[in-house]
$ cat entry11.cif   # mmCIF, C-alpha atoms
data_run
#
loop_
_atom_site.label_atom_id
_atom_site.label_comp_id
_atom_site.auth_asym_id
_atom_site.auth_seq_id
_atom_site.Cartn_x
_atom_site.Cartn_y
_atom_site.Cartn_z
CA MET A 2 0.00 0.00 0.00
CA TYR A 3 2.68 2.50 0.98
CA PRO A 4 5.29 3.42 -1.63
CA ASP A 5 8.44 1.34 -1.06
CA SER A 6 10.58 4.11 0.34
CA ILE A 7 7.95 5.06 2.90
CA LYS A 8 7.45 1.40 3.82
CA ASN A 9 11.19 0.97 4.33
CA LEU A 10 11.41 4.14 6.34
CA ILE A 11 8.61 2.91 8.62
CA GLU A 12 10.49 -0.38 9.05
CA SER A 13 13.68 1.52 9.83
CA PHE A 14 12.07 3.60 12.54
CA LYS A 15 10.71 0.39 14.03
CA TYR A 16 14.29 -0.85 14.55
CA LEU A 17 14.64 1.80 17.25
CA PRO A 18 13.69 0.91 20.82
CA GLY A 19 10.25 1.98 22.00
CA ILE A 20 8.98 2.75 18.50
CA GLY A 21 6.03 0.68 17.32
CA GLU A 22 4.04 0.62 14.10
CA LYS A 23 1.92 3.72 14.76
CA THR A 24 4.78 5.91 15.93
CA ALA A 25 6.97 4.71 13.06
CA GLU A 26 4.26 5.71 10.58
CA ARG A 27 3.86 9.10 12.22
CA LEU A 28 7.60 9.70 12.14
CA ALA A 29 7.97 8.54 8.54
CA PHE A 30 5.24 10.92 7.40
CA SER A 31 6.75 13.72 9.40
CA VAL A 32 10.01 13.20 7.48
CA LEU A 33 8.00 14.06 4.35
CA GLU A 34 7.27 17.45 5.85
CA LEU A 35 10.88 18.32 6.61
CA GLU A 36 12.96 20.64 4.44
CA GLU A 37 15.03 18.83 1.84
CA GLU A 38 18.26 19.97 3.53
CA GLN A 39 17.09 18.67 6.89
CA VAL A 40 16.54 15.22 5.43
CA GLU A 41 19.94 15.45 3.75
CA LEU A 42 21.62 16.16 7.09
CA PHE A 43 19.66 13.27 8.59
CA VAL A 44 20.83 10.91 5.82
CA GLU A 45 24.40 12.12 6.12
CA SER A 46 24.59 11.86 9.89
CA LEU A 47 23.09 8.36 9.90
CA SER A 48 25.50 7.23 7.25
CA ASP A 49 28.44 8.90 9.04
CA VAL A 50 27.51 7.31 12.34
CA ASN A 51 27.58 3.97 10.59
CA LYS A 52 30.92 4.57 8.87
CA LYS A 53 32.96 6.89 11.05
CA ILE A 54 32.07 6.09 14.65
CA HIS A 55 34.23 3.53 16.42
CA LYS A 56 35.75 2.92 19.82
CA CYS A 57 38.64 5.02 21.11
CA ASP A 58 41.86 2.97 20.95
CA VAL A 59 42.59 3.73 24.58
CA CYS A 60 39.30 3.89 26.50
CA ASN A 61 36.54 2.60 24.12
CA THR A 62 34.55 5.85 24.19
CA LEU A 63 32.87 6.26 20.80
CA THR A 64 34.71 8.68 18.57
CA GLU A 65 35.39 9.54 14.94
CA ASP A 66 39.13 9.81 15.59
CA GLU A 67 41.81 7.41 16.77
CA LYS A 68 41.51 8.70 20.29
CA CYS A 69 38.42 10.24 21.87
CA PHE A 70 38.15 13.85 23.06
CA ILE A 71 38.97 12.81 26.62
CA CYS A 72 42.09 10.82 25.83
CA ASN A 73 43.21 13.64 23.55
CA ASP A 74 42.86 16.21 26.31
CA ASP A 75 46.21 16.67 28.09
CA SER A 76 44.68 18.78 30.83
CA ARG A 77 42.74 15.83 32.29
CA ASP A 78 43.79 14.28 35.58
CA ASN A 79 45.76 11.09 34.87
CA LYS A 80 45.44 9.85 38.42
CA VAL A 81 41.74 8.97 38.48
CA LEU A 82 39.98 6.49 36.19
CA CYS A 83 36.20 6.26 36.00
CA VAL A 84 35.06 2.87 34.68
CA VAL A 85 31.59 2.84 33.07
CA GLU A 86 29.47 0.12 31.49
CA ASP A 87 28.38 2.08 28.42
CA THR A 88 29.79 4.89 26.30
CA LYS A 89 26.61 6.92 26.93
CA ASN A 90 27.64 7.27 30.55
CA VAL A 91 30.85 9.06 29.59
CA PHE A 92 28.75 11.79 28.01
CA LEU A 93 26.41 11.77 31.00
CA PHE A 94 29.29 12.49 33.38
CA GLU A 95 30.87 14.99 31.01
CA LYS A 96 27.61 16.96 30.98
CA LEU A 97 27.93 17.35 34.73
CA GLY A 98 31.35 18.83 34.08
CA MET A 99 32.65 17.97 37.58
CA PHE A 100 34.85 14.97 36.83
CA GLN A 101 38.33 15.81 35.58
CA GLY A 102 39.84 12.33 35.31
CA LYS A 103 39.89 9.73 32.54
CA TYR A 104 37.31 7.11 31.57
CA HIS A 105 37.26 3.51 30.53
CA VAL A 106 34.20 1.98 28.86
CA LEU A 107 33.45 -1.72 29.33
CA ASP A 108 31.24 -3.80 27.05
CA GLY A 109 28.52 -4.01 29.70
CA LEU A 110 28.62 -5.77 33.06
CA ILE A 111 29.31 -9.33 34.15
CA SER A 112 25.99 -11.18 34.27
CA PRO A 113 26.33 -14.97 34.42
CA LEU A 114 22.54 -15.39 34.25
CA ASP A 115 22.54 -13.67 30.85
CA GLY A 116 25.63 -15.61 29.80
CA ILE A 117 27.88 -12.55 30.03
CA ASN A 118 31.16 -13.65 31.60
CA PRO A 119 34.24 -11.65 32.63
CA GLU A 120 35.95 -12.38 29.29
CA ASP A 121 33.02 -10.85 27.37
CA ILE A 122 33.21 -7.30 28.63
CA GLY A 123 36.72 -6.32 27.60
CA LEU A 124 38.42 -6.55 30.99
CA ASP A 125 41.86 -7.38 29.51
CA LYS A 126 42.15 -3.97 27.94
CA LEU A 127 41.12 -2.31 31.20
CA ILE A 128 43.56 -4.33 33.33
CA ASP A 129 46.40 -3.69 30.85
CA ARG A 130 45.65 -0.02 31.01
CA ILE A 131 45.53 0.09 34.81
CA THR A 132 48.77 -1.86 35.02
CA ASN A 133 50.56 0.46 32.61
CA GLU A 134 49.21 3.88 33.56
CA LYS A 135 49.74 5.27 37.03
CA PHE A 136 46.20 5.64 38.35
CA GLU A 137 45.77 6.24 42.05
CA GLU A 138 42.01 5.71 42.13
CA ILE A 139 39.59 3.63 40.09
CA ILE A 140 35.93 4.67 40.36
CA PHE A 141 33.40 2.00 39.40
CA ALA A 142 30.48 4.06 38.06
CA PHE A 143 28.15 1.16 37.36
CA LYS A 144 24.44 1.10 37.96
CA PRO A 145 23.63 -0.18 41.46
CA SER A 146 22.67 -3.80 40.74
CA ILE A 147 23.91 -7.34 41.27
CA GLU A 148 25.74 -7.07 37.94
CA GLY A 149 27.35 -3.78 38.93
CA GLU A 150 28.54 -5.18 42.28
CA THR A 151 29.79 -8.41 40.72
CA THR A 152 31.78 -6.54 38.11
CA SER A 153 33.29 -4.11 40.64
CA LEU A 154 34.31 -6.92 43.01
CA TYR A 155 35.74 -9.02 40.17
CA ILE A 156 37.95 -6.17 38.95
CA LYS A 157 38.90 -5.13 42.50
CA ARG A 158 40.14 -8.66 43.17
CA ILE A 159 42.33 -8.64 40.07
CA LEU A 160 43.82 -5.33 41.15
CA ASP A 161 44.63 -6.60 44.66
CA GLY A 162 48.24 -5.91 45.47
CA LEU A 163 48.56 -3.03 43.00
CA ASN A 164 47.87 -0.58 45.84
CA ILE A 165 45.21 1.36 43.97
CA LYS A 166 42.22 2.84 45.75
CA THR A 167 38.91 1.56 44.35
CA THR A 168 35.63 3.39 44.93
CA ARG A 169 32.03 3.13 43.80
CA LEU A 170 29.32 5.74 43.34
CA ALA A 171 27.26 6.48 46.44
CA SER A 172 23.85 4.83 46.48
CA GLY A 173 20.97 6.28 48.42
CA VAL A 174 17.80 8.27 48.34
CA PRO A 175 17.60 10.37 45.15
CA ILE A 176 17.32 14.11 45.70
CA GLY A 177 13.68 15.18 45.64
CA ALA A 178 12.32 11.65 46.04
CA ASP A 179 9.42 10.98 48.35
CA MET A 180 10.64 8.57 51.03
CA GLU A 181 7.62 6.29 50.63
CA TYR A 182 8.50 5.61 46.99
CA VAL A 183 12.11 4.64 47.65
CA ASP A 184 12.57 0.86 47.43
CA SER A 185 13.84 -0.97 50.49
CA LEU A 186 17.24 -1.95 49.04
CA THR A 187 17.98 1.70 48.27
CA LEU A 188 16.86 2.71 51.73
CA GLU A 189 19.03 0.00 53.29
CA ARG A 190 22.02 1.24 51.32
CA ALA A 191 21.25 4.86 52.25
CA LEU A 192 21.22 3.89 55.92
CA ASN A 193 24.43 1.87 55.70
CA ASP A 194 26.22 4.60 53.78
CA ARG A 195 24.97 7.41 56.01
CA LYS A 196 27.33 10.36 56.26
CA GLU A 197 28.22 12.49 59.22
CA ILE A 198 26.89 16.02 59.00
CA GLU A 199 29.85 18.38 59.18
CA MET B 26 31.45 16.89 23.34
CA TYR B 27 29.73 14.33 21.07
CA PRO B 28 31.49 13.32 17.86
CA ASP B 29 30.08 15.37 14.94
CA SER B 30 28.09 12.58 13.35
CA ILE B 31 26.35 11.73 16.63
CA LYS B 32 25.71 15.43 17.28
CA ASN B 33 24.15 15.80 13.81
CA LEU B 34 22.10 12.67 14.25
CA ILE B 35 20.71 13.98 17.54
CA GLU B 36 19.83 17.25 15.80
CA SER B 37 18.15 15.31 12.99
CA PHE B 38 15.97 13.32 15.34
CA LYS B 39 14.98 16.59 17.00
CA TYR B 40 13.49 17.77 13.67
CA LEU B 41 10.78 15.16 14.15
CA PRO B 42 7.63 16.13 16.04
CA GLY B 43 7.43 15.14 19.70
CA ILE B 44 11.14 14.34 19.95
CA GLY B 45 13.12 16.44 22.40
CA GLU B 46 16.78 16.47 23.42
CA LYS B 47 16.67 13.42 25.70
CA THR B 48 14.71 11.20 23.31
CA ALA B 49 16.87 12.30 20.39
CA GLU B 50 19.99 11.30 22.33
CA ARG B 51 18.50 7.95 23.24
CA LEU B 52 17.52 7.28 19.62
CA ALA B 53 20.90 8.37 18.25
CA PHE B 54 22.71 6.01 20.60
CA SER B 55 20.34 3.20 19.75
CA VAL B 56 21.29 3.64 16.08
CA LEU B 57 24.84 2.77 17.16
CA GLU B 58 23.56 -0.58 18.35
CA LEU B 59 21.80 -1.50 15.09
CA GLU B 60 23.27 -3.88 12.54
CA GLU B 61 25.22 -2.16 9.79
CA GLU B 62 22.67 -3.31 7.18
CA GLN B 63 19.79 -1.93 9.22
CA VAL B 64 21.39 1.50 9.28
CA GLU B 65 22.06 1.18 5.55
CA LEU B 66 18.36 0.51 4.89
CA PHE B 67 17.52 3.46 7.13
CA VAL B 68 19.88 5.73 5.18
CA GLU B 69 18.58 4.50 1.85
CA SER B 70 14.89 4.82 2.72
CA LEU B 71 15.37 8.32 4.10
CA SER B 72 17.25 9.37 1.03
CA ASP B 73 14.69 7.72 -1.26
CA VAL B 74 11.79 9.37 0.52
CA ASN B 75 13.51 12.68 -0.11
CA LYS B 76 14.23 12.01 -3.78
CA LYS B 77 11.52 9.71 -5.09
CA ILE B 78 8.32 10.58 -3.26
CA HIS B 79 6.08 13.17 -4.88
CA LYS B 80 2.39 13.83 -5.38
CA CYS B 81 0.30 11.71 -7.75
CA ASP B 82 -0.42 13.70 -10.92
CA VAL B 83 -4.13 13.01 -10.57
CA CYS B 84 -5.03 12.95 -6.89
CA ASN B 85 -1.96 14.21 -4.93
CA THR B 86 -1.51 11.00 -2.93
CA LEU B 87 2.20 10.53 -2.25
CA THR B 88 3.79 8.04 -4.62
CA GLU B 89 7.07 7.09 -6.28
CA ASP B 90 5.40 6.80 -9.69
CA GLU B 91 3.55 9.20 -11.96
CA LYS B 92 0.22 7.99 -10.66
CA CYS B 93 -0.46 6.50 -7.22
CA PHE B 94 -1.57 2.93 -6.57
CA ILE B 95 -5.22 4.02 -6.36
CA CYS B 96 -5.31 5.97 -9.62
CA ASN B 97 -3.46 3.08 -11.30
CA ASP B 98 -6.06 0.58 -10.12
CA ASP B 99 -8.74 0.13 -12.83
CA SER B 100 -10.97 -1.90 -10.54
CA ARG B 101 -11.77 1.09 -8.33
CA ASP B 102 -15.19 2.70 -8.42
CA ASN B 103 -15.00 5.85 -10.56
CA LYS B 104 -18.30 7.18 -9.30
CA VAL B 105 -17.32 8.10 -5.74
CA LEU B 106 -14.58 10.54 -4.75
CA CYS B 107 -13.33 10.82 -1.19
CA VAL B 108 -11.68 14.19 -0.53
CA VAL B 109 -9.15 14.24 2.34
CA GLU B 110 -7.00 16.95 3.88
CA ASP B 111 -3.77 14.95 4.08
CA THR B 112 -2.18 12.07 2.19
CA LYS B 113 -1.94 10.11 5.46
CA ASN B 114 -5.71 9.82 5.49
CA VAL B 115 -5.73 7.96 2.17
CA PHE B 116 -3.66 5.21 3.79
CA LEU B 117 -5.86 5.35 6.89
CA PHE B 118 -8.98 4.63 4.82
CA GLU B 119 -7.20 2.05 2.68
CA LYS B 120 -6.27 0.15 5.83
CA LEU B 121 -9.97 -0.18 6.61
CA GLY B 122 -10.34 -1.71 3.16
CA MET B 123 -14.02 -0.81 2.90
CA PHE B 124 -13.90 2.15 0.52
CA GLN B 125 -13.67 1.24 -3.16
CA GLY B 126 -13.81 4.68 -4.77
CA LYS B 127 -11.11 7.22 -5.62
CA TYR B 128 -9.41 9.85 -3.49
CA HIS B 129 -8.32 13.42 -3.80
CA VAL B 130 -5.82 14.96 -1.36
CA LEU B 131 -6.02 18.68 -0.59
CA ASP B 132 -3.16 20.76 0.85
CA GLY B 133 -4.94 21.06 4.18
CA LEU B 134 -8.17 22.88 5.01
CA ILE B 135 -9.33 26.46 4.59
CA SER B 136 -8.49 28.36 7.78
CA PRO B 137 -8.66 32.16 7.40
CA LEU B 138 -7.42 32.63 10.99
CA ASP B 139 -4.19 30.84 10.07
CA GLY B 140 -4.02 32.72 6.76
CA ILE B 141 -4.94 29.62 4.73
CA ASN B 142 -7.34 30.71 2.02
CA PRO B 143 -9.24 28.69 -0.62
CA GLU B 144 -6.50 29.32 -3.21
CA ASP B 145 -3.86 27.80 -0.89
CA ILE B 146 -5.18 24.26 -0.65
CA GLY B 147 -5.20 23.21 -4.30
CA LEU B 148 -8.92 23.50 -4.96
CA ASP B 149 -8.47 24.26 -8.70
CA LYS B 150 -7.09 20.79 -9.37
CA LEU B 151 -9.96 19.22 -7.42
CA ILE B 152 -12.66 21.26 -9.19
CA ASP B 153 -11.09 20.53 -12.61
CA ARG B 154 -11.11 16.85 -11.78
CA ILE B 155 -14.71 16.83 -10.58
CA THR B 156 -15.79 18.76 -13.67
CA ASN B 157 -14.03 16.34 -16.03
CA GLU B 158 -14.62 12.98 -14.39
CA LYS B 159 -18.14 11.65 -13.89
CA PHE B 160 -18.38 11.37 -10.11
CA GLU B 161 -21.83 10.86 -8.64
CA GLU B 162 -20.85 11.44 -5.03
CA ILE B 163 -18.17 13.49 -3.33
CA ILE B 164 -17.39 12.51 0.27
CA PHE B 165 -15.72 15.18 2.38
CA ALA B 166 -13.65 13.14 4.83
CA PHE B 167 -12.26 16.07 6.81
CA LYS B 168 -11.78 16.21 10.54
CA PRO B 169 -14.89 17.55 12.26
CA SER B 170 -13.89 21.17 12.93
CA ILE B 171 -14.70 24.70 11.82
CA GLU B 172 -12.00 24.34 9.13
CA GLY B 173 -13.48 21.06 7.92
CA GLU B 174 -16.98 22.50 7.70
CA THR B 175 -15.79 25.69 6.01
CA THR B 176 -13.89 23.73 3.39
CA SER B 177 -16.79 21.33 2.71
CA LEU B 178 -19.28 24.19 2.36
CA TYR B 179 -16.94 26.19 0.14
CA ILE B 180 -16.44 23.29 -2.28
CA LYS B 181 -20.12 22.32 -2.17
CA ARG B 182 -21.06 25.85 -3.21
CA ILE B 183 -18.70 25.74 -6.20
CA LEU B 184 -20.23 22.42 -7.24
CA ASP B 185 -23.79 23.78 -7.06
CA GLY B 186 -25.61 23.06 -10.31
CA LEU B 187 -23.39 20.08 -11.23
CA ASN B 188 -25.97 17.72 -9.74
CA ILE B 189 -23.43 15.78 -7.65
CA LYS B 190 -24.32 14.38 -4.26
CA THR B 191 -22.00 15.68 -1.50
CA THR B 192 -21.68 13.90 1.83
CA ARG B 193 -19.58 14.20 4.97
CA LEU B 194 -18.41 11.60 7.49
CA ALA B 195 -20.82 10.96 10.35
CA SER B 196 -19.85 12.65 13.61
CA GLY B 197 -20.93 11.30 16.93
CA VAL B 198 -19.98 9.37 20.00
CA PRO B 199 -16.90 7.20 19.32
CA ILE B 200 -17.43 3.46 19.81
CA GLY B 201 -16.39 2.44 23.30
CA ALA B 202 -16.30 6.00 24.67
CA ASP B 203 -17.69 6.77 28.08
CA MET B 204 -20.53 9.22 27.62
CA GLU B 205 -19.27 11.51 30.37
CA TYR B 206 -15.99 12.11 28.52
CA VAL B 207 -17.63 13.04 25.20
CA ASP B 208 -17.50 16.80 24.62
CA SER B 209 -20.74 18.72 24.25
CA LEU B 210 -20.28 19.60 20.56
CA THR B 211 -19.86 15.93 19.68
CA LEU B 212 -22.87 15.01 21.78
CA GLU B 213 -24.92 17.74 20.10
CA ARG B 214 -23.93 16.38 16.69
CA ALA B 215 -24.67 12.82 17.73
CA LEU B 216 -28.14 13.86 18.83
CA ASN B 217 -28.83 15.85 15.65
CA ASP B 218 -27.56 13.05 13.42
CA ARG B 219 -29.40 10.31 15.31
CA LYS B 220 -30.35 7.32 13.16
CA GLU B 221 -33.48 5.28 13.19
CA ILE B 222 -32.94 1.75 14.46
CA GLU B 223 -34.03 -0.60 11.72
#

$ encode --input "entry11.cif" --output "structure tokens"
Amino acid sequence: MYPDSIKNLIESFKYLPGIGEKTAERLAFSVLELEEEQVELFVESLSDVNKKIHKCDVCNTLTEDEKCFICNDDSRDNKVLCVVEDTKNVFLFEKLGMFQGKYHVLDGLISPLDGINPEDIGLDKLIDRITNEKFEEIIFAFKPSIEGETTSLYIKRILDGLNIKTTRLASGVPIGADMEYVDSLTLERALNDRKEIE
Amino acid sequence: MYPDSIKNLIESFKYLPGIGEKTAERLAFSVLELEEEQVELFVESLSDVNKKIHKCDVCNTLTEDEKCFICNDDSRDNKVLCVVEDTKNVFLFEKLGMFQGKYHVLDGLISPLDGINPEDIGLDKLIDRITNEKFEEIIFAFKPSIEGETTSLYIKRILDGLNIKTTRLASGVPIGADMEYVDSLTLERALNDRKEIE
């Protein structure tokens, strides 16, 4: 019924998470209402993302160059390494603008139940890097979950004896949250990790 | 902060209606997780939509050919013409599969308040077509609104004397709606248009 190109465009939108048939149709038709140059930029950026984006040689952050913008920045603090589970999180922290150290991006977290073992998430590259560079602190910035804890502990154990401080993000009650909606695990952690008021 | 191609892709997604910064970022990153061939199809369909899609010579329905799939279909009923305000609505009716006549797509509806006058919505082509082809009924399938009514009445007046039946879609209480949530105009119309139970 639809012309081929519109049909294919609807299918393409449906590849994206959270986009079903109806939304895909709406989006495809809205493309028809864009300026020609807007669609051209869209085409070009999609194609570029496919061709030019790859992992930074050093830290795995997605980049168009050999090294990402962080690894290329000599003003960053070489003493602190923030390990994340996904390249998106690098940009998340960079938006905050308060972390001055370096990053390392893993291919996800260890999750034996999902068949993801330590050798699947690129730990070798991380360990090599930690062994060769002179970090004083490794921050595990994983999501608070069994997988996050497992991965942190696994890496920490490998690093034993290297005399490097390892830390994790604080867990606790989110700012602005109503106490009654905070789940019990979070509340437990918030109580355990309580801080002295100075 | 983002590599250029990702930045441009985020901007491109933001061109689409209902997509803000956060959603655009999420979608752009999800493109990075697609198969290479999926992104290629996406690129190709976007580019094709831009280059190949245009209005049907006869009825304005979007198509890749000279004439759309409806105008090319000799089995359709040439006596009934369904006039719609947007090409999307042709596909909407075709999905129902119960209308066998032809369509004509206007460039929207007359709306003096928005500066859209009769000469802006492609009425000449419609009137020419009605004058030349032998339609017995014209259905105005516009959304029930001041603009829809204005446009129907305007066209009906031009057709006066041609001895063609003009009809509009029934308005009324949507199937499954709770009566208390139906607005008063719709209820008024439903009461006025009440049908005898046979």

$ residues_near_point --input "entry11.cif" --point "(30.9, -2.2, 35.7)" --cutoff "6 Å" --atoms "all atoms listed in the file" --output "list in words"
Val85, Glu86, Leu110, Phe143, Gly149, Thr152 and Ser153 of chain A

$ interface_residues --input "entry11.cif" --of "chain B" --to "chain A" --cutoff "6 Å" --atoms "only C-alpha atoms" --output "PyMOL selection string"
chain B and resi 28+30+33-34+37+67-68+70+73-74+88

$ closest_residue --input "entry11.cif" --among "B:Arg193, B:Lys47, B:Lys220, B:Lys168" --to "B:Gly133" --atoms "all atoms listed in the file"
B:Lys168

$ residues_around --input "entry11.cif" --residues "B:Ile189" --least-positions-apart "3" --cutoff "12 Å" --atoms "only C-alpha atoms" --output "mmCIF file with C-alpha atoms, in the frame of the given file"
data_model
loop_
_atom_site.group_PDB
_atom_site.id
_atom_site.type_symbol
_atom_site.label_atom_id
_atom_site.label_comp_id
_atom_site.auth_asym_id
_atom_site.auth_seq_id
_atom_site.Cartn_x
_atom_site.Cartn_y
_atom_site.Cartn_z
ATOM 1 C CA LYS B 104 -18.300 7.180 -9.300
ATOM 2 C CA VAL B 105 -17.320 8.100 -5.740
ATOM 3 C CA LEU B 106 -14.580 10.540 -4.750
ATOM 4 C CA ILE B 155 -14.710 16.830 -10.580
ATOM 5 C CA THR B 156 -15.790 18.760 -13.670
ATOM 6 C CA GLU B 158 -14.620 12.980 -14.390
ATOM 7 C CA LYS B 159 -18.140 11.650 -13.890
ATOM 8 C CA PHE B 160 -18.380 11.370 -10.110
ATOM 9 C CA GLU B 161 -21.830 10.860 -8.640
ATOM 10 C CA GLU B 162 -20.850 11.440 -5.030
ATOM 11 C CA ILE B 163 -18.170 13.490 -3.330
ATOM 12 C CA ILE B 164 -17.390 12.510 0.270
ATOM 13 C CA ILE B 180 -16.440 23.290 -2.280
ATOM 14 C CA LYS B 181 -20.120 22.320 -2.170
ATOM 15 C CA ARG B 182 -21.060 25.850 -3.210
ATOM 16 C CA ILE B 183 -18.700 25.740 -6.200
ATOM 17 C CA LEU B 184 -20.230 22.420 -7.240
ATOM 18 C CA ASP B 185 -23.790 23.780 -7.060
ATOM 19 C CA GLY B 186 -25.610 23.060 -10.310
ATOM 20 C CA THR B 192 -21.680 13.900 1.830
#

$ atom_distance --input "entry11.cif" --atom1 "atom CA of A:Gly116" --atom2 "atom CA of A:Pro145"
19.4 Å

$ atom_distance --input "entry11.cif" --atom1 "atom CA of B:Leu151" --atom2 "atom CA of B:His129"
7.0 Å

$ closest_residue --input "entry11.cif" --among "B:Cys96, B:Ile200, B:Val83, B:Ala166" --to "B:Phe118" --atoms "all atoms listed in the file"
B:Ala166

$ residues_around --input "entry11.cif" --residues "A:Val91" --least-positions-apart "6" --cutoff "8 Å" --atoms "all atoms listed in the file" --output "ChimeraX atom specification"
/A:62,85,104,106

$ closest_residue --input "entry11.cif" --among "A:Cys83, A:Ala191, A:Cys57, A:Val183" --to "A:Gly102" --atoms "all atoms listed in the file"
A:Cys83

$ atom_distance --input "entry11.cif" --atom1 "atom CA of A:Pro175" --atom2 "atom CA of A:Asp194"
13.5 Å

$ build_atoms --input "entry11.cif" --residues "stretch 212-218 of chain B" --atoms "all heavy atoms" --output "CSV table (one decimal), in the frame of the given file"
chain,number,residue,atom,x,y,z
B,212,LEU,N,-21.6,15.5,21.3
B,212,LEU,CA,-22.9,15.0,21.8
B,212,LEU,C,-24.0,15.7,21.0
B,212,LEU,O,-25.0,15.0,20.6
B,212,LEU,CB,-23.0,15.3,23.3
B,212,LEU,CG,-23.6,14.2,24.1
B,212,LEU,CD1,-23.0,12.8,23.8
B,212,LEU,CD2,-23.5,14.5,25.6
B,213,GLU,N,-23.9,17.0,20.8
B,213,GLU,CA,-24.9,17.7,20.1
B,213,GLU,C,-25.1,17.2,18.7
B,213,GLU,O,-26.2,16.9,18.2
B,213,GLU,CB,-24.4,19.2,20.0
B,213,GLU,CG,-25.5,20.2,19.8
B,213,GLU,CD,-24.9,21.6,19.8
B,213,GLU,OE1,-24.3,22.0,20.8
B,213,GLU,OE2,-25.1,22.3,18.8
B,214,ARG,N,-23.9,16.9,18.0
B,214,ARG,CA,-23.9,16.4,16.7
B,214,ARG,C,-24.5,15.0,16.7
B,214,ARG,O,-25.3,14.6,15.8
B,214,ARG,CB,-22.5,16.4,16.2
B,214,ARG,CG,-22.3,15.9,14.7
B,214,ARG,CD,-22.9,16.9,13.7
B,214,ARG,NE,-22.1,18.0,13.4
B,214,ARG,CZ,-21.1,18.0,12.4
B,214,ARG,NH1,-20.9,16.9,11.8
B,214,ARG,NH2,-20.4,19.1,12.2
B,215,ALA,N,-24.2,14.2,17.7
B,215,ALA,CA,-24.7,12.8,17.7
B,215,ALA,C,-26.2,12.8,17.9
B,215,ALA,O,-26.9,11.9,17.3
B,215,ALA,CB,-24.0,12.1,18.9
B,216,LEU,N,-26.7,13.8,18.6
B,216,LEU,CA,-28.1,13.9,18.8
B,216,LEU,C,-28.8,14.3,17.5
B,216,LEU,O,-29.8,13.7,17.1
B,216,LEU,CB,-28.4,14.8,20.0
B,216,LEU,CG,-29.8,14.8,20.6
B,216,LEU,CD1,-30.1,13.4,21.2
B,216,LEU,CD2,-29.9,15.9,21.7
B,217,ASN,N,-28.3,15.3,16.9
B,217,ASN,CA,-28.8,15.8,15.6
B,217,ASN,C,-28.8,14.8,14.5
B,217,ASN,O,-29.8,14.7,13.8
B,217,ASN,CB,-28.0,17.0,15.1
B,217,ASN,CG,-28.5,18.4,15.7
B,217,ASN,OD1,-29.7,18.5,16.0
B,217,ASN,ND2,-27.7,19.3,15.8
B,218,ASP,N,-27.7,14.0,14.5
B,218,ASP,CA,-27.6,13.0,13.4
B,218,ASP,C,-28.1,11.7,13.8
B,218,ASP,O,-27.8,10.7,13.2
B,218,ASP,CB,-26.1,12.9,13.1
B,218,ASP,CG,-25.5,14.1,12.4
B,218,ASP,OD1,-26.2,15.1,12.2
B,218,ASP,OD2,-24.3,14.1,12.0
